[in-house]
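Engineer: Below is the file upload_39.tsv, which contains TSV, N, CA, C and O atoms.
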```tsv
chain	number	residue	atom	x	y	z
C	1	MET	N	0.86	-1.18	0.00
C	1	MET	CA	0.00	0.00	0.00
C	1	MET	C	0.90	1.24	0.00
C	1	MET	O	1.88	1.30	0.72
C	2	PRO	N	0.54	2.24	-0.80
C	2	PRO	CA	1.34	3.47	-0.81
C	2	PRO	C	1.41	4.09	0.58
C	2	PRO	O	0.56	3.83	1.43
C	3	ILE	N	2.40	4.93	0.79
C	3	ILE	CA	2.61	5.57	2.09
C	3	ILE	C	1.35	6.29	2.57
C	3	ILE	O	0.99	6.23	3.73
C	4	TYR	N	0.64	6.96	1.66
C	4	TYR	CA	-0.55	7.70	2.06
C	4	TYR	C	-1.73	6.79	2.30
C	4	TYR	O	-2.78	7.23	2.75
C	5	GLY	N	-1.59	5.49	2.06
C	5	GLY	CA	-2.67	4.54	2.29
C	5	GLY	C	-3.12	4.49	3.73
C	5	GLY	O	-4.31	4.35	4.03
C	6	ALA	N	-2.19	4.61	4.67
C	6	ALA	CA	-2.54	4.60	6.09
C	6	ALA	C	-3.43	5.78	6.43
C	6	ALA	O	-4.37	5.65	7.23
C	7	ARG	N	-3.18	6.94	5.82
C	7	ARG	CA	-4.03	8.12	6.06
C	7	ARG	C	-5.44	7.89	5.53
C	7	ARG	O	-6.42	8.25	6.17
C	8	VAL	N	-5.53	7.29	4.37
C	8	VAL	CA	-6.84	7.02	3.77
C	8	VAL	C	-7.58	5.98	4.60
C	8	VAL	O	-8.77	6.11	4.87
C	9	LEU	N	-6.89	4.93	5.01
C	9	LEU	CA	-7.50	3.88	5.80
C	9	LEU	C	-8.04	4.41	7.14
C	9	LEU	O	-9.05	3.94	7.65
C	10	ALA	N	-7.39	5.44	7.68
C	10	ALA	CA	-7.82	6.02	8.95
C	10	ALA	C	-9.00	6.99	8.80
C	10	ALA	O	-9.62	7.36	9.80
C	11	CYS	N	-9.34	7.37	7.59
C	11	CYS	CA	-10.43	8.33	7.35
C	11	CYS	C	-11.77	7.73	7.76
C	11	CYS	O	-12.08	6.59	7.42
C	12	VAL	N	-12.57	8.51	8.47
C	12	VAL	CA	-13.90	8.06	8.90
C	12	VAL	C	-14.99	9.05	8.50
C	12	VAL	O	-16.05	9.10	9.12
C	13	LYS	N	-14.72	9.85	7.46
C	13	LYS	CA	-15.72	10.83	7.01
C	13	LYS	C	-17.02	10.15	6.58
C	13	LYS	O	-18.10	10.70	6.74
C	14	CYS	N	-16.92	8.97	6.00
C	14	CYS	CA	-18.10	8.19	5.63
C	14	CYS	C	-18.19	7.04	6.64
C	14	CYS	O	-17.73	5.92	6.38
C	15	GLN	N	-18.76	7.31	7.79
C	15	GLN	CA	-18.74	6.34	8.90
C	15	GLN	C	-19.36	5.00	8.54
C	15	GLN	O	-18.87	3.95	8.96
C	16	HIS	N	-20.44	5.02	7.76
C	16	HIS	CA	-21.09	3.76	7.39
C	16	HIS	C	-20.19	2.89	6.52
C	16	HIS	O	-20.30	1.66	6.55
C	17	LEU	N	-19.29	3.48	5.76
C	17	LEU	CA	-18.35	2.72	4.95
C	17	LEU	C	-17.12	2.33	5.77
C	17	LEU	O	-16.63	1.21	5.69
C	18	ALA	N	-16.64	3.25	6.58
C	18	ALA	CA	-15.44	3.01	7.37
C	18	ALA	C	-15.64	1.90	8.40
C	18	ALA	O	-14.69	1.19	8.74
C	19	ALA	N	-16.85	1.71	8.86
C	19	ALA	CA	-17.13	0.73	9.91
C	19	ALA	C	-16.80	-0.70	9.47
C	19	ALA	O	-16.37	-1.51	10.28
C	20	SER	N	-16.98	-1.01	8.19
C	20	SER	CA	-16.74	-2.37	7.72
C	20	SER	C	-15.51	-2.50	6.82
C	20	SER	O	-15.19	-3.60	6.37
C	21	ARG	N	-14.82	-1.40	6.59
C	21	ARG	CA	-13.67	-1.42	5.69
C	21	ARG	C	-12.50	-2.17	6.30
C	21	ARG	O	-12.18	-2.03	7.47
C	22	LYS	N	-11.88	-3.01	5.48
C	22	LYS	CA	-10.69	-3.76	5.91
C	22	LYS	C	-9.42	-3.21	5.28
C	22	LYS	O	-8.34	-3.33	5.82
C	23	ASN	N	-9.57	-2.61	4.09
C	23	ASN	CA	-8.42	-2.14	3.34
C	23	ASN	C	-8.90	-1.07	2.36
C	23	ASN	O	-10.09	-0.85	2.24
C	24	VAL	N	-7.98	-0.41	1.69
C	24	VAL	CA	-8.32	0.56	0.66
C	24	VAL	C	-7.64	0.14	-0.63
C	24	VAL	O	-6.57	-0.44	-0.61
C	25	VAL	N	-8.31	0.41	-1.74
C	25	VAL	CA	-7.75	0.13	-3.05
C	25	VAL	C	-7.84	1.42	-3.84
C	25	VAL	O	-8.91	2.01	-3.97
C	26	PHE	N	-6.72	1.89	-4.31
C	26	PHE	CA	-6.66	3.15	-5.03
C	26	PHE	C	-6.99	2.95	-6.50
C	26	PHE	O	-6.66	1.94	-7.09
C	27	GLY	N	-7.67	3.93	-7.05
C	27	GLY	CA	-8.01	3.90	-8.46
C	27	GLY	C	-6.93	4.58	-9.28
C	27	GLY	O	-5.87	4.94	-8.78
C	28	VAL	N	-7.21	4.72	-10.54
C	28	VAL	CA	-6.30	5.40	-11.46
C	28	VAL	C	-7.09	6.43	-12.24
C	28	VAL	O	-8.30	6.33	-12.38
C	29	GLY	N	-6.40	7.44	-12.72
C	29	GLY	CA	-7.05	8.42	-13.57
C	29	GLY	C	-6.86	9.83	-13.10
C	29	GLY	O	-6.16	10.12	-12.13
C	30	ASN	N	-7.52	10.72	-13.79
C	30	ASN	CA	-7.43	12.16	-13.54
C	30	ASN	C	-8.29	12.53	-12.34
C	30	ASN	O	-9.50	12.32	-12.34
C	31	ILE	N	-7.68	13.07	-11.29
C	31	ILE	CA	-8.46	13.41	-10.08
C	31	ILE	C	-9.38	14.60	-10.31
C	31	ILE	O	-10.26	14.85	-9.49
C	32	SER	N	-9.23	15.28	-11.43
C	32	SER	CA	-10.12	16.40	-11.76
C	32	SER	C	-11.17	16.01	-12.80
C	32	SER	O	-11.85	16.87	-13.35
C	33	ALA	N	-11.31	14.73	-13.06
C	33	ALA	CA	-12.26	14.26	-14.08
C	33	ALA	C	-13.69	14.64	-13.72
C	33	ALA	O	-14.06	14.69	-12.55
C	34	GLU	N	-14.49	14.89	-14.74
C	34	GLU	CA	-15.90	15.21	-14.53
C	34	GLU	C	-16.76	13.95	-14.45
C	34	GLU	O	-17.91	14.01	-14.02
C	35	LEU	N	-16.20	12.81	-14.83
C	35	LEU	CA	-16.94	11.57	-14.84
C	35	LEU	C	-16.08	10.46	-14.25
C	35	LEU	O	-14.89	10.38	-14.54
C	36	MET	N	-16.68	9.61	-13.41
C	36	MET	CA	-15.94	8.52	-12.79
C	36	MET	C	-16.76	7.25	-12.90
C	36	MET	O	-17.97	7.26	-12.66
C	37	PHE	N	-16.12	6.17	-13.30
C	37	PHE	CA	-16.76	4.86	-13.33
C	37	PHE	C	-16.22	4.04	-12.17
C	37	PHE	O	-15.02	4.02	-11.93
C	38	VAL	N	-17.10	3.36	-11.48
C	38	VAL	CA	-16.69	2.51	-10.37
C	38	VAL	C	-17.11	1.09	-10.69
C	38	VAL	O	-18.30	0.82	-10.90
C	39	GLY	N	-16.15	0.20	-10.74
C	39	GLY	CA	-16.44	-1.19	-11.03
C	39	GLY	C	-16.76	-1.92	-9.74
C	39	GLY	O	-17.07	-1.32	-8.71
C	40	GLU	N	-16.68	-3.23	-9.79
C	40	GLU	CA	-16.99	-4.02	-8.61
C	40	GLU	C	-15.92	-3.87	-7.54
C	40	GLU	O	-14.79	-3.48	-7.81
C	41	ALA	N	-16.28	-4.20	-6.33
C	41	ALA	CA	-15.32	-4.15	-5.21
C	41	ALA	C	-14.27	-5.24	-5.39
C	41	ALA	O	-14.56	-6.29	-5.96
C	42	PRO	N	-13.05	-4.99	-4.93
C	42	PRO	CA	-12.01	-6.01	-5.06
C	42	PRO	C	-12.33	-7.23	-4.21
C	42	PRO	O	-12.91	-7.12	-3.14
C	43	GLY	N	-11.97	-8.38	-4.72
C	43	GLY	CA	-12.20	-9.62	-3.98
C	43	GLY	C	-11.28	-9.74	-2.77
C	43	GLY	O	-10.31	-8.99	-2.62
C	44	ARG	N	-11.59	-10.68	-1.92
C	44	ARG	CA	-10.85	-10.88	-0.68
C	44	ARG	C	-9.37	-11.15	-0.91
C	44	ARG	O	-8.52	-10.73	-0.13
C	45	THR	N	-9.05	-11.82	-2.01
C	45	THR	CA	-7.66	-12.20	-2.26
C	45	THR	C	-6.97	-11.32	-3.30
C	45	THR	O	-5.84	-11.58	-3.68
C	46	ARG	N	-7.64	-10.26	-3.73
C	46	ARG	CA	-7.06	-9.41	-4.78
C	46	ARG	C	-5.79	-8.70	-4.29
C	46	ARG	O	-5.77	-8.12	-3.23
C	47	ILE	N	-4.78	-8.73	-5.11
C	47	ILE	CA	-3.54	-8.03	-4.82
C	47	ILE	C	-3.62	-6.67	-5.50
C	47	ILE	O	-4.04	-6.56	-6.64
C	48	PHE	N	-3.22	-5.61	-4.79
C	48	PHE	CA	-3.30	-4.25	-5.34
C	48	PHE	C	-2.49	-4.14	-6.62
C	48	PHE	O	-1.33	-4.51	-6.68
C	49	LYS	N	-3.15	-3.67	-7.66
C	49	LYS	CA	-2.50	-3.38	-8.94
C	49	LYS	C	-3.05	-2.05	-9.42
C	49	LYS	O	-4.14	-1.65	-9.07
C	50	ALA	N	-2.29	-1.39	-10.27
C	50	ALA	CA	-2.72	-0.08	-10.76
C	50	ALA	C	-3.75	-0.17	-11.87
C	50	ALA	O	-4.38	0.81	-12.21
C	51	LYS	N	-3.94	-1.33	-12.45
C	51	LYS	CA	-4.89	-1.53	-13.54
C	51	LYS	C	-5.87	-2.63	-13.17
C	51	LYS	O	-5.56	-3.49	-12.35
C	52	PRO	N	-7.06	-2.63	-13.79
C	52	PRO	CA	-8.02	-3.70	-13.50
C	52	PRO	C	-7.42	-5.07	-13.79
C	52	PRO	O	-6.80	-5.27	-14.82
C	53	SER	N	-7.57	-5.99	-12.87
C	53	SER	CA	-6.98	-7.31	-13.06
C	53	SER	C	-8.02	-8.38	-13.31
C	53	SER	O	-7.69	-9.44	-13.82
C	54	TRP	N	-9.26	-8.14	-12.98
C	54	TRP	CA	-10.31	-9.13	-13.19
C	54	TRP	C	-10.98	-8.88	-14.53
C	54	TRP	O	-10.98	-7.78	-15.06
C	55	LYS	N	-11.59	-9.91	-15.07
C	55	LYS	CA	-12.22	-9.81	-16.39
C	55	LYS	C	-13.28	-8.71	-16.42
C	55	LYS	O	-13.41	-8.01	-17.41
C	56	SER	N	-14.04	-8.57	-15.34
C	56	SER	CA	-15.09	-7.54	-15.34
C	56	SER	C	-14.48	-6.14	-15.43
C	56	SER	O	-15.00	-5.27	-16.12
C	57	GLY	N	-13.37	-5.90	-14.74
C	57	GLY	CA	-12.69	-4.61	-14.81
C	57	GLY	C	-12.10	-4.36	-16.18
C	57	GLY	O	-12.14	-3.24	-16.69
C	58	GLN	N	-11.54	-5.40	-16.77
C	58	GLN	CA	-10.99	-5.28	-18.11
C	58	GLN	C	-12.09	-5.00	-19.13
C	58	GLN	O	-11.92	-4.19	-20.04
C	59	LEU	N	-13.25	-5.65	-18.95
C	59	LEU	CA	-14.37	-5.42	-19.84
C	59	LEU	C	-14.89	-3.99	-19.70
C	59	LEU	O	-15.16	-3.33	-20.69
C	60	LEU	N	-15.01	-3.51	-18.47
C	60	LEU	CA	-15.46	-2.13	-18.25
C	60	LEU	C	-14.51	-1.15	-18.93
C	60	LEU	O	-14.94	-0.22	-19.61
C	61	THR	N	-13.21	-1.36	-18.79
C	61	THR	CA	-12.23	-0.49	-19.43
C	61	THR	C	-12.39	-0.52	-20.94
C	61	THR	O	-12.37	0.52	-21.60
C	62	LYS	N	-12.60	-1.70	-21.51
C	62	LYS	CA	-12.77	-1.83	-22.97
C	62	LYS	C	-14.03	-1.10	-23.43
C	62	LYS	O	-14.02	-0.41	-24.45
C	63	ILE	N	-15.12	-1.22	-22.67
C	63	ILE	CA	-16.37	-0.53	-23.02
C	63	ILE	C	-16.17	0.98	-22.99
C	63	ILE	O	-16.60	1.69	-23.90
C	64	ILE	N	-15.49	1.47	-21.97
C	64	ILE	CA	-15.25	2.91	-21.83
C	64	ILE	C	-14.41	3.42	-23.00
C	64	ILE	O	-14.73	4.41	-23.63
C	65	GLU	N	-13.32	2.70	-23.30
C	65	GLU	CA	-12.42	3.11	-24.38
C	65	GLU	C	-13.12	3.01	-25.75
C	65	GLU	O	-12.91	3.86	-26.61
C	66	THR	N	-13.97	1.99	-25.94
C	66	THR	CA	-14.70	1.84	-27.20
C	66	THR	C	-15.63	3.03	-27.45
C	66	THR	O	-15.90	3.39	-28.59
C	67	ASN	N	-16.10	3.64	-26.38
C	67	ASN	CA	-16.98	4.79	-26.49
C	67	ASN	C	-16.21	6.10	-26.57
C	67	ASN	O	-16.79	7.18	-26.41
C	68	GLY	N	-14.91	6.02	-26.78
C	68	GLY	CA	-14.11	7.21	-27.00
C	68	GLY	C	-13.73	7.98	-25.76
C	68	GLY	O	-13.32	9.13	-25.85
C	69	ILE	N	-13.85	7.34	-24.61
C	69	ILE	CA	-13.47	8.01	-23.36
C	69	ILE	C	-12.07	7.57	-22.98
C	69	ILE	O	-11.77	6.37	-22.90
C	70	ASP	N	-11.19	8.53	-22.75
C	70	ASP	CA	-9.80	8.24	-22.39
C	70	ASP	C	-9.72	7.73	-20.98
C	70	ASP	O	-10.26	8.30	-20.06
C	71	THR	N	-9.05	6.58	-20.82
C	71	THR	CA	-8.85	6.04	-19.48
C	71	THR	C	-7.46	6.38	-19.05
C	71	THR	O	-6.71	5.90	-18.47
```
Now, as a test, write the supplied structure out as structure tokens.

Structural biologist:
Amino acid sequence: MPIYGARVLACVKCQHLAASRKNVVFGVGNISAELMFVGEAPGRTRIFKAKPSWKSGQLLTKIIETNGIDT
């Protein structure tokens, strides 16, 4: 986990989410984007990677790119 991961993990601004959170997974992309797509939650055994590693994430990326949206 990146160094700032501990700060994110300690955040409780969304208490209902923080109560059951075990870990954080960082996304990729422009933090100033006007549009954000959120795929499925990472599985219990998923290892942090900077790109989608599951077929559903890869499919979502392909659909987004096919529609001319830069990922």

Engineer: Have a look at C:Gly68, C:Val25, C:Ala18, C:Glu34 and name the one nearest to Gly5 in chain C; count only C-alpha atoms.

Structural biologist: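 Closest candidate: C:Val25.
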
Engineer: State, in Å with one decimal place, the distance from CA of Ser20 in chain C to CA of Ala6 in chain C.

Structural biologist: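 The value is 15.9 Å.
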
Engineer: Figure out the distance between atom N of Gly57 in chain C and atom N of Ile69 in chain C, please, to one decimal in Å.

Structural biologist: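 These two atoms are separated by 16.5 Å.
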
Engineer: Could you jot down the atom O of Thr71 in chain C to CA of Gly27 in chain C separation for me, Å, one decimal place?

Structural biologist: 10.3 Å

Engineer: Using all atoms of range 57-61 of chain C that appear in the file, construct an axis-aligned enclosing box with 4 Å of padding on every side and provide its centre coordinates and edge lengths in Å, rounded to one decimal, as AutoDock Vina command-line options.

Structural biologist:
```
--center_x -13.2 --center_y -2.7 --center_z -18.2 --size_x 12.5 --size_y 14.4 --size_z 14.9
```

Engineer: Counting only C-alpha atoms, which residue out of C:Thr66, C:Val12, C:Leu17, C:Gly39 sits closest to Trp54 in chain C?

Structural biologist: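 Result for the nearest residue to Trp54 in chain C: C:Gly39.
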
Engineer: Rank C:Cys14, C:Val8, C:Ala19, C:Ile64 by their smallest atom-to-atom distance to Met36 in chain C, using only C-alpha atoms, and report the top residue only.

Structural biologist: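 Using only C-alpha atoms, Met36 in chain C sits closest to C:Ile64.
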